[in-house]
>>> print(open('data_15.txt').read())   # compact mmCIF, C-alpha atoms
# COMPACT_ATOMS: atom_id res chain seq x y z
CA MET E 1 -25.27 25.90 34.63
CA ALA E 2 -22.96 23.34 36.21
CA SER E 3 -24.32 20.52 34.05
CA TRP E 4 -23.97 22.67 30.89
CA MET E 5 -20.35 23.44 31.73
CA LEU E 6 -19.66 19.75 32.34
CA PHE E 7 -21.16 18.91 28.95
CA ALA E 8 -19.06 21.61 27.30
CA LEU E 9 -15.91 20.25 28.92
CA PHE E 10 -16.83 16.79 27.69
CA LEU E 11 -17.01 18.08 24.14
CA LEU E 12 -13.48 19.45 24.49
CA VAL E 13 -12.02 16.08 25.46
CA PRO E 14 -10.38 14.51 22.38
CA VAL E 15 -11.89 11.20 21.38
CA GLU E 16 -9.58 8.59 19.90
CA LEU E 17 -11.21 6.91 16.93
CA CYS E 18 -10.49 3.25 16.20
CA GLU E 19 -8.52 3.08 19.44
CA ILE E 20 -6.32 0.05 20.09
CA PRO E 21 -6.68 -1.37 23.62
CA ALA E 22 -3.49 -0.95 25.69
CA ILE E 23 -3.40 -4.71 26.25
CA HIS E 24 -1.99 -5.00 22.70
CA ASN E 25 0.96 -2.64 23.20
CA ARG E 26 3.53 -5.45 23.19
CA LEU E 27 2.07 -6.86 19.97
CA ILE E 28 2.22 -3.42 18.36
CA LYS E 29 5.82 -2.98 19.45
CA SER E 30 6.74 -6.36 17.97
CA LEU E 31 5.38 -5.23 14.59
CA ASN E 32 7.27 -1.97 14.95
CA LEU E 33 10.49 -3.90 15.50
CA LYS E 34 9.69 -6.21 12.58
CA LEU E 35 9.24 -3.23 10.27
CA LEU E 36 12.43 -1.69 11.61
CA ARG E 37 14.32 -4.91 10.92
CA ALA E 38 13.12 -4.74 7.29
CA THR E 39 15.33 -1.66 6.90
CA GLU E 40 18.41 -3.83 7.44
CA ASP E 41 17.80 -5.91 4.31
CA VAL E 42 20.19 -4.23 1.89
CA SER E 43 19.46 -6.82 -0.81
CA LYS E 44 16.19 -5.00 -1.54
CA SER E 45 15.66 -1.48 -2.79
CA PRO E 46 14.62 0.86 0.02
CA ASN E 47 10.86 1.40 0.25
CA PRO E 48 9.73 4.90 1.26
CA SER E 49 6.48 3.47 2.62
CA VAL E 50 8.49 1.56 5.24
CA HIS E 51 10.06 4.82 6.38
CA VAL E 52 6.68 6.55 6.51
CA GLY E 53 5.30 3.73 8.67
CA LEU E 54 8.22 3.99 11.08
CA ARG E 55 7.92 7.76 11.31
CA LEU E 56 4.19 7.55 12.16
CA SER E 57 4.92 5.28 15.11
CA LYS E 58 5.10 6.68 18.62
CA GLU E 59 8.38 4.85 19.22
CA HIS E 60 11.56 5.27 17.21
CA ASN E 61 15.05 4.08 16.57
CA LEU E 62 16.37 7.40 15.33
CA GLU E 63 19.71 6.02 14.16
CA LYS E 64 18.17 3.27 12.03
CA GLU E 65 15.56 5.63 10.62
CA SER E 66 18.25 8.16 9.70
CA GLN E 67 20.34 5.48 7.99
CA TYR E 68 17.33 4.28 6.00
CA LEU E 69 16.48 7.82 4.96
CA GLU E 70 20.00 8.19 3.55
CA ARG E 71 19.47 5.01 1.51
CA LEU E 72 16.23 6.46 0.21
CA LYS E 73 17.99 9.67 -0.80
CA LEU E 74 20.61 7.71 -2.72
CA ALA E 75 17.87 5.80 -4.55
CA PHE E 76 15.60 8.74 -5.35
CA GLN E 77 18.09 11.61 -5.57
CA PRO E 78 21.28 10.02 -6.90
CA SER E 79 24.26 12.27 -7.51
CA GLU E 80 25.41 12.78 -11.06
CA SER E 81 28.37 10.49 -10.38
CA SER E 82 26.13 7.59 -9.36
CA THR E 83 25.88 4.82 -11.95
CA ASP E 84 23.96 2.15 -10.09
CA MET E 85 20.73 4.03 -9.41
CA LYS E 86 17.44 3.81 -11.29
CA PRO E 87 16.90 6.35 -14.05
CA GLN E 88 14.39 8.96 -12.95
CA THR E 89 11.94 7.82 -15.63
CA GLU E 90 11.62 4.47 -13.83
CA VAL E 91 10.32 6.00 -10.62
CA SER E 92 6.54 5.73 -10.66
CA THR E 93 4.09 8.37 -9.48
CA GLY E 94 3.37 6.34 -6.36
CA GLN E 95 7.04 5.80 -5.50
CA LEU E 96 7.86 9.47 -5.88
CA ALA E 97 4.81 10.45 -3.82
CA LEU E 98 5.80 8.11 -0.99
CA TYR E 99 9.34 9.46 -1.06
CA LEU E 100 8.05 13.01 -0.63
CA LEU E 101 5.87 11.80 2.26
CA ALA E 102 8.95 10.14 3.77
CA LEU E 103 10.92 13.40 3.56
CA ARG E 104 8.12 15.38 5.14
CA ALA E 105 7.68 12.74 7.87
CA SER E 106 11.36 13.22 8.71
CA CYS E 107 10.97 17.00 8.92
CA GLU E 108 13.40 17.45 6.02
CA ASP E 109 13.79 20.91 4.50
CA LEU E 110 11.59 20.84 1.40
CA LYS E 111 12.49 24.36 0.32
CA THR E 112 15.84 23.33 -1.12
CA GLU E 113 16.50 23.27 -4.85
CA GLU E 114 16.55 19.46 -4.86
CA ALA E 115 13.22 19.26 -3.06
CA ARG E 116 11.59 21.79 -5.40
CA LYS E 117 12.73 19.66 -8.34
CA LEU E 118 11.06 16.62 -6.79
CA ILE E 119 7.80 18.53 -6.28
CA THR E 120 7.90 19.79 -9.87
CA ARG E 121 8.63 16.30 -11.12
CA LEU E 122 5.64 14.86 -9.27
CA LYS E 123 3.43 17.58 -10.75
CA HIS E 124 4.67 16.68 -14.25
CA GLN E 125 3.97 13.00 -13.64
CA LEU E 126 0.45 13.78 -12.45
CA HIS E 127 -0.06 15.80 -15.64
CA ALA E 128 1.05 12.81 -17.68
CA GLU E 129 -1.32 10.57 -15.72
CA LYS E 130 -4.16 13.04 -16.29
CA LYS E 131 -3.41 13.23 -20.02
CA GLN E 132 -3.70 9.46 -20.35
CA ILE E 133 -6.98 9.51 -18.40
CA VAL E 134 -8.31 11.92 -21.03
CA GLU E 135 -6.99 9.84 -23.95
CA MET E 136 -7.35 6.27 -22.66
CA ASP E 137 -9.88 6.58 -19.82
CA SER E 138 -7.31 5.29 -17.32
CA PRO E 139 -4.07 6.64 -15.81
CA ILE E 140 -0.58 5.45 -16.72
CA THR E 141 -0.21 3.69 -13.37
CA SER E 142 -3.46 3.49 -11.39
CA TYR E 143 -5.94 5.69 -9.60
CA PHE E 144 -4.30 4.51 -6.36
CA GLN E 145 -1.00 6.09 -7.39
CA TYR E 146 -2.77 9.11 -8.86
CA SER E 147 -4.50 9.66 -5.50
CA LEU E 148 -1.24 9.13 -3.65
CA GLY E 149 0.46 11.75 -5.82
CA ILE E 150 -2.25 14.30 -5.03
CA LEU E 151 -2.03 13.42 -1.32
CA ALA E 152 1.76 13.88 -1.27
CA LEU E 153 1.53 17.36 -2.77
CA CYS E 154 -1.27 18.32 -0.39
CA VAL E 155 0.52 17.01 2.72
CA ASN E 156 3.53 19.07 1.66
CA HIS E 157 1.26 22.14 1.50
CA LYS E 158 1.52 22.43 -2.28
CA ALA E 159 -1.49 23.43 -4.34
CA VAL E 160 -2.73 20.78 -6.78
CA GLU E 161 -4.07 22.07 -10.07
CA VAL E 162 -7.84 21.98 -10.19
CA HIS E 163 -8.09 19.97 -13.41
CA VAL E 164 -5.91 17.25 -11.83
CA ILE E 165 -8.27 17.12 -8.84
CA GLN E 166 -11.33 17.08 -11.08
CA LYS E 167 -10.15 13.95 -12.85
CA LEU E 168 -10.05 12.13 -9.50
CA LEU E 169 -13.46 13.50 -8.55
CA ARG E 170 -14.90 12.27 -11.83
CA ALA E 171 -13.30 8.85 -11.40
CA GLU E 172 -15.01 8.56 -8.01
CA GLU E 173 -18.35 9.67 -9.46
CA GLN E 174 -18.09 7.19 -12.32
CA LYS E 175 -16.95 4.34 -10.06
CA LYS E 176 -13.62 3.94 -11.83
CA PHE E 177 -11.77 2.65 -8.78
CA ILE E 178 -11.34 -0.81 -10.27
CA LEU E 179 -8.24 -2.99 -10.00
CA GLU E 180 -7.99 -6.10 -12.15
CA GLY E 181 -11.72 -6.13 -12.72
CA GLU E 182 -12.80 -5.75 -9.09
CA HIS E 183 -13.76 -2.80 -6.91
CA SER E 184 -10.60 -1.62 -5.16
CA VAL E 185 -11.18 -0.64 -1.54
CA ASP E 186 -7.49 0.37 -1.31
CA THR E 187 -7.96 2.89 -4.12
CA GLU E 188 -11.18 4.15 -2.56
CA ALA E 189 -9.34 4.70 0.72
CA MET E 190 -6.35 6.47 -0.81
CA ALA E 191 -8.63 8.78 -2.80
CA GLY E 192 -10.56 9.46 0.40
CA LEU E 193 -7.38 10.52 2.21
CA ALA E 194 -6.46 12.78 -0.70
CA PHE E 195 -9.92 14.40 -0.70
CA GLN E 196 -9.82 14.91 3.07
CA CYS E 197 -6.41 16.61 2.84
CA LEU E 198 -7.61 18.91 0.04
CA MET E 199 -10.72 19.79 2.07
CA ARG E 200 -8.61 20.78 5.08
CA SER E 201 -6.06 22.79 3.08
CA GLY E 202 -8.21 25.89 2.58
CA LEU E 203 -6.61 26.42 -0.84
CA TYR E 204 -9.68 25.91 -3.00
CA THR E 205 -12.98 27.62 -3.76
CA SER E 206 -16.08 26.84 -1.72
CA HIS E 207 -17.63 25.22 -4.79
CA LEU E 208 -14.72 22.78 -5.22
CA THR E 209 -14.56 22.16 -1.47
CA GLU E 210 -18.25 21.19 -1.53
CA LYS E 211 -17.49 18.66 -4.27
CA LEU E 212 -14.55 17.28 -2.29
CA THR E 213 -16.71 16.99 0.83
CA LYS E 214 -19.40 15.10 -1.05
CA ALA E 215 -16.84 12.78 -2.67
CA PHE E 216 -15.24 12.04 0.69
CA GLY E 217 -18.65 11.30 2.19
CA ASP E 218 -19.47 8.93 -0.68
CA ILE E 219 -16.12 7.17 -0.26
CA LYS E 220 -16.61 6.76 3.46
CA GLU E 221 -20.08 5.32 2.85
CA ASN E 222 -18.70 2.91 0.22
CA ILE E 223 -15.97 1.76 2.59
CA LEU E 224 -18.47 1.12 5.37
CA LYS E 225 -20.67 -0.83 2.93
CA SER E 226 -17.67 -2.97 1.98
CA GLN E 227 -17.25 -4.25 5.53
CA ARG E 228 -17.59 -8.03 5.72
CA ASP E 229 -18.98 -10.07 8.59
CA ASP E 230 -15.47 -10.66 9.94
CA GLY E 231 -14.85 -6.90 10.19
CA THR E 232 -12.55 -6.46 7.19
CA PHE E 233 -13.10 -3.75 4.60
CA GLY E 234 -12.71 -5.56 1.28
CA ASN E 235 -9.96 -7.85 2.58
CA ILE E 236 -7.55 -7.82 5.50
CA TYR E 237 -4.89 -5.92 3.57
CA SER E 238 -7.20 -3.10 2.43
CA THR E 239 -8.59 -2.73 5.96
CA ALA E 240 -5.65 -0.71 7.32
CA LEU E 241 -6.01 2.09 4.75
CA SER E 242 -9.79 2.02 5.20
CA VAL E 243 -9.44 2.54 8.94
CA GLN E 244 -7.14 5.50 8.21
CA VAL E 245 -10.07 7.05 6.32
CA LEU E 246 -12.38 6.49 9.27
CA ILE E 247 -9.85 8.07 11.64
CA ALA E 248 -9.44 11.03 9.27
CA SER E 249 -13.20 11.53 9.10
CA LYS E 250 -13.18 12.33 12.86
CA SER E 251 -16.68 10.87 13.18
CA THR E 252 -17.77 7.32 12.57
CA SER E 253 -19.56 4.46 14.20
CA ASP E 254 -17.58 2.83 16.99
CA THR E 255 -18.99 -0.53 15.90
CA GLU E 256 -17.35 -0.53 12.45
CA CYS E 257 -14.01 0.62 13.84
CA SER E 258 -14.04 -1.85 16.71
CA LYS E 259 -14.73 -4.77 14.39
CA ALA E 260 -12.00 -3.68 11.98
CA VAL E 261 -9.45 -3.19 14.76
CA GLU E 262 -10.31 -6.57 16.22
CA ILE E 263 -9.67 -8.43 12.96
CA LEU E 264 -6.46 -6.45 12.33
CA ILE E 265 -5.12 -7.40 15.75
CA GLU E 266 -6.11 -11.03 15.29
CA SER E 267 -4.46 -11.14 11.85
CA LEU E 268 -1.36 -9.57 13.37
CA LYS E 269 -1.26 -12.33 15.97
CA GLN E 270 -1.53 -14.93 13.21
CA GLY E 271 1.45 -13.45 11.37
CA LEU E 272 -0.51 -12.37 8.29
CA PHE E 273 1.33 -9.04 8.15
CA SER E 274 4.80 -9.98 6.94
CA ASN E 275 5.04 -7.86 3.80
CA PRO E 276 6.85 -4.57 4.65
CA MET E 277 4.45 -2.54 2.50
CA MET E 278 1.41 -3.97 4.28
CA MET E 279 3.04 -3.52 7.68
CA SER E 280 3.83 0.11 6.88
CA GLN E 281 0.18 0.84 6.01
CA LEU E 282 -0.97 -0.77 9.25
CA MET E 283 1.51 1.04 11.52
CA PRO E 284 -0.27 4.44 11.53
CA VAL E 285 -3.58 2.80 12.48
CA LEU E 286 -1.98 1.10 15.47
CA HIS E 287 -1.07 4.56 16.75
CA GLN E 288 -4.40 6.21 15.81
CA LYS E 289 -2.74 8.20 13.04
CA THR E 290 -3.15 8.65 9.28
CA TYR E 291 -0.97 9.90 6.43
CA LEU E 292 -2.58 13.30 6.96
CA ASP E 293 -0.72 13.62 10.27
CA ILE E 294 2.54 13.90 8.31
CA SER E 295 1.65 17.49 7.39
CA THR E 296 1.99 18.66 11.01
CA MET E 297 4.80 16.43 12.26
CA ASP E 298 7.29 17.88 14.72
CA CYS E 299 10.55 15.95 15.08
CA SER E 300 12.12 18.16 17.74
CA ASN E 301 11.31 16.16 20.88
CA GLU E 302 11.65 12.60 19.61
CA GLU E 303 13.52 9.98 21.60
CA GLY E 304 14.99 6.71 20.43
CA THR E 305 13.24 4.05 22.48
CA LEU E 306 13.31 1.10 20.06
CA THR E 307 16.30 -1.22 20.17
CA LEU E 308 16.96 -4.07 17.77
CA ARG E 309 18.61 -7.11 19.22
CA SER E 310 21.21 -8.81 17.07
CA SER E 311 19.74 -11.30 14.64
CA SER E 312 19.98 -14.95 15.58
CA GLY E 313 21.26 -15.70 12.11
CA THR E 314 18.17 -17.59 11.01
CA SER E 315 16.64 -16.53 7.75
CA LYS E 316 13.28 -14.82 7.46
CA GLY E 317 10.46 -17.29 7.03
CA VAL E 318 11.96 -20.40 8.64
CA VAL E 319 11.21 -23.49 6.54
CA LEU E 320 9.85 -26.39 8.51
CA PRO E 321 11.39 -29.83 7.91
CA GLY E 322 9.96 -32.09 5.23
CA ASP E 323 8.49 -31.65 1.76
CA ILE E 324 4.84 -31.34 0.77
CA PRO E 325 3.10 -32.19 -2.53
CA LEU E 326 1.61 -29.38 -4.64
CA GLN E 327 0.22 -28.98 -8.11
CA LEU E 328 0.85 -26.00 -10.37
CA ARG E 329 -1.56 -25.49 -13.25
CA VAL E 330 -1.38 -23.01 -16.13
CA GLU E 331 -4.76 -22.69 -17.82
CA GLU E 332 -4.84 -22.80 -21.60
CA VAL E 333 -5.28 -19.58 -23.53
CA PRO E 334 -6.66 -20.71 -26.91
CA GLY E 335 -4.36 -19.82 -29.75
CA LEU E 336 -1.66 -18.48 -27.43
CA ILE E 337 -0.43 -21.09 -24.93
CA TRP E 338 -1.25 -24.68 -24.04
CA GLY E 339 -2.60 -25.73 -20.69
CA TYR E 340 0.02 -27.24 -18.39
CA THR E 341 0.02 -29.08 -15.06
CA LEU E 342 3.05 -30.03 -12.96
CA GLU E 343 3.29 -32.11 -9.79
CA LEU E 344 5.82 -30.76 -7.30
CA GLN E 345 7.43 -31.57 -3.97
CA VAL E 346 8.52 -28.41 -2.15
CA PRO E 347 9.83 -27.68 1.35
CA THR E 348 7.11 -26.90 3.87
CA GLY E 349 6.69 -23.14 4.21
CA SER E 350 7.88 -22.32 0.68
CA SER E 351 6.48 -19.14 -0.84
CA LEU E 352 4.58 -19.27 -4.12
CA LEU E 353 7.53 -17.50 -5.74
CA GLU E 354 9.80 -20.34 -4.56
CA VAL E 355 7.26 -22.89 -5.83
CA MET E 356 7.23 -21.34 -9.30
CA THR E 357 11.02 -21.06 -9.31
CA LYS E 358 11.28 -24.78 -8.55
CA ALA E 359 8.70 -25.55 -11.25
CA HIS E 360 10.82 -23.71 -13.80
CA SER E 361 13.95 -25.52 -12.61
CA GLN E 362 12.18 -28.88 -12.80
CA ASP E 363 10.64 -28.37 -16.24
CA PRO E 364 12.11 -25.27 -17.95
CA GLU E 365 10.91 -26.40 -21.38
CA HIS E 366 7.24 -26.19 -20.39
CA PHE E 367 7.12 -23.61 -17.61
CA SER E 368 8.66 -20.16 -17.33
CA PHE E 369 7.59 -16.91 -15.73
CA GLU E 370 8.66 -13.32 -15.25
CA THR E 371 7.98 -10.83 -12.50
CA GLU E 372 8.18 -7.08 -12.01
CA ASP E 373 9.45 -5.45 -8.84
CA THR E 374 6.90 -3.29 -7.04
CA LEU E 375 6.71 -1.71 -3.59
CA TYR E 376 4.54 -4.65 -2.58
CA GLY E 377 7.12 -7.17 -3.80
CA PRO E 378 7.44 -9.16 -7.04
CA TYR E 379 4.35 -9.09 -9.27
CA LEU E 380 3.68 -11.87 -11.80
CA THR E 381 3.63 -10.40 -15.30
CA THR E 382 4.42 -13.24 -17.69
CA VAL E 383 3.80 -16.99 -17.87
CA ASN E 384 5.26 -19.14 -20.65
CA GLY E 385 6.06 -16.06 -22.70
CA LEU E 386 2.56 -14.61 -22.49
CA ASN E 387 2.29 -11.39 -20.52
CA GLY E 388 -0.67 -9.50 -19.18
CA LYS E 389 -1.17 -6.19 -20.96
CA GLN E 390 -2.76 -3.11 -19.48
CA SER E 391 -3.70 -1.97 -23.00
CA GLU E 392 -5.73 -5.17 -23.38
CA ARG E 393 -6.84 -5.16 -19.73
CA THR E 394 -5.43 -8.61 -19.06
CA TYR E 395 -3.40 -9.93 -16.12
CA TRP E 396 -2.32 -13.22 -14.60
CA LYS E 397 -4.75 -14.06 -11.84
CA ILE E 398 -3.55 -16.48 -9.16
CA LEU E 399 -6.02 -18.84 -7.54
CA LYS E 400 -6.09 -21.99 -5.49
CA GLU E 401 -8.45 -24.76 -6.49
CA PRO E 402 -11.36 -24.75 -6.91
CA ASN E 403 -11.70 -21.02 -7.59
CA VAL E 404 -10.36 -19.01 -4.63
CA SER E 405 -8.40 -15.84 -5.41
CA ILE E 406 -5.10 -15.38 -3.60
CA ILE E 407 -4.83 -11.85 -2.23
CA GLU E 408 -1.25 -12.08 -0.98
CA GLY E 409 1.74 -11.43 -3.23
CA ILE E 410 3.66 -14.35 -4.70
CA ALA E 411 6.53 -13.78 -2.26
CA ASP E 412 4.14 -13.77 0.71
CA TYR E 413 1.66 -16.56 -0.01
CA ARG E 414 2.72 -20.00 1.26
CA PRO E 415 0.74 -22.87 -0.31
CA GLN E 416 -0.45 -25.64 1.96
CA GLU E 417 0.01 -29.38 1.48
CA GLY E 418 -1.97 -30.77 -1.45
CA GLU E 419 -3.04 -27.39 -2.85
CA THR E 420 -3.43 -26.80 -6.57
CA ILE E 421 -2.27 -23.36 -7.64
CA ILE E 422 -3.90 -22.04 -10.82
CA LEU E 423 -2.45 -19.36 -13.08
CA ARG E 424 -5.19 -17.89 -15.27
CA LEU E 425 -4.88 -15.09 -17.83
CA THR E 426 -7.85 -12.94 -16.98
CA LYS E 427 -9.51 -9.96 -18.62
CA TRP E 428 -10.76 -7.19 -16.38
>>> encode(input="data_15.txt", output="structure tokens")
Amino acid sequence: MASWMLFALFLLVPVELCEIPAIHNRLIKSLNLKLLRATEDVSKSPNPSVHVGLRLSKEHNLEKESQYLERLKLAFQPSESSTDMKPQTEVSTGQLALYLLALRASCEDLKTEEARKLITRLKHQLHAEKKQIVEMDSPITSYFQYSLGILALCVNHKAVEVHVIQKLLRAEEQKKFILEGEHSVDTEAMAGLAFQCLMRSGLYTSHLTEKLTKAFGDIKENILKSQRDDGTFGNIYSTALSVQVLIASKSTSDTECSKAVEILIESLKQGLFSNPMMMSQLMPVLHQKTYLDISTMDCSNEEGTLTLRSSSGTSKGVVLPGDIPLQLRVEEVPGLIWGYTLELQVPTGSSLLEVMTKAHSQDPEHFSFETEDTLYGPYLTTVNGLNGKQSERTYWKILKEPNVSIIEGIADYRPQEGETIILRLTKW
């Protein structure tokens, strides 16, 4: 009897999945402070994902978080007198979803008229996404944003219409989670979190819940199969969301989690997480949390324990002395643009965006480019007047010679001495 009771007590002890060893607490806090400092950059539009990441931390600077939330409200709920805010039509499904997650993570009252309008607006945008899936076999934005929209409604305890859910279920069944021609582990993970939330909600029939359970199981299996020898799921930046899925599953192999956590910590030490969006997706994992935890957040007993020291005045991404040689190559697209190669000297530590800006300044007649602002930073859309088109399933792929894809954004990747950067219009 005694041994049975001991076993029963053991079962009641909560087990932390993908636990981070306490030895890394200082490293985790340094990332927390780095993400908090990103809120002080008023030159950039506020990113609701940054706020979500901060709110899912165990440590807070309540004053800074409150100030950032007010900036978010001005950006996403501008007053009628505001003239410098984005039109509502420019806010994507993913941006709106993250904003609703940010509000919920701050324990904001979502029963107000303004909040109800936001919920209704997200539902309308999901309908529009679903309509294009029916007509064009792909959403307006992406299945990542479609999944995020469903997750945001679910976390806010709002029912999602069954036909909207079914489109995501079918996309998973038909292996539609493709981004730029490649299997997207990020999308798989976000869909998995959405399915897990819907399963837990208790709002749907047993038949639909069975389908959601199967889809989540398939996604978890796919994520585990995507794990590389170094421990990453897909790549280092899709690993954080993947680990959130494993935490949400509440049962997984300790081996897969341990390997993933190990490579995330090592990458953190190496400074690979500098993009605020990527940092914000990693933050919950470092505290053994997921986006699903937002649904039950209690802000009543929080204390402000994080303090930002005054900046030293040095700019982010300190450039080391001296210039390095690089080569920028635009591959020919027959009948559309000529091939082009330019030799450059750029300051050590320059980002790829700075490299391309210098290339345009050095030879504007033969090289130009355009970007689009996203939550992940600037995204390359156009080179020498030729833009990638979703309708034609083309995009500008960025590689370094000989044929290595660059997974970082153009504002985050910093070419090394002697590298050749290749811009290639690619069909997916």
>>> atom_distance(input="data_15.txt", atom1="atom CA of Thr420 of chain E", atom2="atom CA of Gln270 of chain E")
23.1 Å
>>> residues_near_point(input="data_15.txt", point="(15.5, 6.7, 20.9)", cutoff="7 Å", atoms="all atoms listed in the file", output="PyMOL selection string")
chain E and resi 60-62+303-306
>>> closest_residue(input="data_15.txt", among="E:Pro46, E:Pro415, E:Pro139, E:Pro284", to="Lys73 of chain E", atoms="only C-alpha atoms")
E:Pro46
>>> residues_around(input="data_15.txt", residues="Lys400 of chain E", least_positions_apart="4", cutoff="10 Å", atoms="all atoms listed in the file", output="number ranges by chain")
E: 327-329, 404-406, 415, 419-423
>>> closest_atom_pairs(input="data_15.txt", of="segment 113-147 of chain E", to="segment 158-166 of chain E", cutoff="12 Å", atoms="all atoms listed in the file", output="tab-separated table")
residue	atom	partner	partner_atom	distance
E:Arg116	CA	E:Lys158	CA	10.6
E:Ile119	CA	E:Lys158	CA	8.4
E:Thr120	CA	E:Lys158	CA	10.3
E:Leu122	CA	E:Val160	CA	10.6
E:Lys123	CA	E:Val160	CA	8.0
E:His124	CA	E:Val164	CA	10.9
E:Gln125	CA	E:Val164	CA	10.9
E:Leu126	CA	E:Val164	CA	7.3
E:His127	CA	E:Val164	CA	7.1
E:Ala128	CA	E:Val164	CA	10.1
E:Glu129	CA	E:Val164	CA	9.0
E:Lys130	CA	E:Val164	CA	6.4
E:Lys131	CA	E:Val164	CA	9.5
E:Gln132	CA	E:Val164	CA	11.8
E:Ile133	CA	E:Val164	CA	10.2
E:Val134	CA	E:Val164	CA	10.9
E:Pro139	CA	E:Val164	CA	11.5
E:Tyr143	CA	E:Ile165	CA	11.7
E:Tyr146	CA	E:Val164	CA	9.2
E:Ser147	CA	E:Ile165	CA	9.0
>>> closest_residue(input="data_15.txt", among="E:Glu392, E:Glu354, E:Asp323, E:Glu256", to="Glu19 of chain E", atoms="only C-alpha atoms")
E:Glu256
>>> residues_near_point(input="data_15.txt", point="(7.6, -5.6, 10.9)", cutoff="8 Å", atoms="all atoms listed in the file", output="PyMOL selection string")
chain E and resi 30-38+273-276+279-280
>>> residues_around(input="data_15.txt", residues="segment 211-226 of chain E", least_positions_apart="6", cutoff="9 Å", atoms="only C-alpha atoms", output="CSV table (one decimal) with C-alpha atoms, in the coordinates of the input")
chain,number,residue,atom,x,y,z
E,169,LEU,CA,-13.5,13.5,-8.6
E,172,GLU,CA,-15.0,8.6,-8.0
E,173,GLU,CA,-18.4,9.7,-9.5
E,185,VAL,CA,-11.2,-0.6,-1.5
E,188,GLU,CA,-11.2,4.2,-2.6
E,189,ALA,CA,-9.3,4.7,0.7
E,191,ALA,CA,-8.6,8.8,-2.8
E,192,GLY,CA,-10.6,9.5,0.4
E,193,LEU,CA,-7.4,10.5,2.2
E,194,ALA,CA,-6.5,12.8,-0.7
E,195,PHE,CA,-9.9,14.4,-0.7
E,196,GLN,CA,-9.8,14.9,3.1
E,198,LEU,CA,-7.6,18.9,0.0
E,199,MET,CA,-10.7,19.8,2.1
E,232,THR,CA,-12.6,-6.5,7.2
E,233,PHE,CA,-13.1,-3.8,4.6
E,234,GLY,CA,-12.7,-5.6,1.3
E,242,SER,CA,-9.8,2.0,5.2
E,245,VAL,CA,-10.1,7.0,6.3
E,246,LEU,CA,-12.4,6.5,9.3
E,249,SER,CA,-13.2,11.5,9.1
E,256,GLU,CA,-17.4,-0.5,12.4
>>> atom_distance(input="data_15.txt", atom1="atom CA of Ala411 of chain E", atom2="atom CA of Pro378 of chain E")
6.7 Å
>>> atom_distance(input="data_15.txt", atom1="atom CA of Lys176 of chain E", atom2="atom CA of Gln281 of chain E")
22.8 Å
>>> decode(input="data_15.txt", residues="segment 39-50 of chain E", atoms="N, CA and C atoms", output="tab-separated table (two decimals), in the first residue's frame")
chain	number	residue	atom	x	y	z
E	39	THR	N	11.96	47.45	-27.16
E	39	THR	CA	10.75	48.26	-27.05
E	39	THR	C	11.07	49.76	-27.05
E	40	GLU	N	12.33	50.10	-26.82
E	40	GLU	CA	12.71	51.52	-26.76
E	40	GLU	C	13.01	52.12	-28.13
E	41	ASP	N	13.06	51.26	-29.16
E	41	ASP	CA	13.38	51.74	-30.50
E	41	ASP	C	12.11	52.30	-31.15
E	42	VAL	N	11.91	53.59	-31.02
E	42	VAL	CA	10.68	54.21	-31.53
E	42	VAL	C	10.74	54.44	-33.04
E	43	SER	N	11.89	54.17	-33.66
E	43	SER	CA	12.00	54.33	-35.11
E	43	SER	C	11.29	53.20	-35.85
E	44	LYS	N	10.96	52.13	-35.13
E	44	LYS	CA	10.29	50.98	-35.74
E	44	LYS	C	8.88	50.84	-35.20
E	45	SER	N	8.00	50.35	-36.06
E	45	SER	CA	6.62	50.12	-35.63
E	45	SER	C	6.61	49.09	-34.51
E	46	PRO	N	5.75	49.26	-33.51
E	46	PRO	CA	5.70	48.30	-32.42
E	46	PRO	C	5.26	46.93	-32.92
E	47	ASN	N	5.85	45.89	-32.38
E	47	ASN	CA	5.60	44.51	-32.79
E	47	ASN	C	4.88	43.78	-31.66
E	48	PRO	N	3.63	43.38	-31.87
E	48	PRO	CA	2.90	42.71	-30.78
E	48	PRO	C	3.56	41.42	-30.31
E	49	SER	N	4.32	40.77	-31.17
E	49	SER	CA	5.00	39.54	-30.77
E	49	SER	C	6.04	39.82	-29.69
E	50	VAL	N	6.69	40.98	-29.76
E	50	VAL	CA	7.66	41.37	-28.74
E	50	VAL	C	6.96	41.46	-27.38
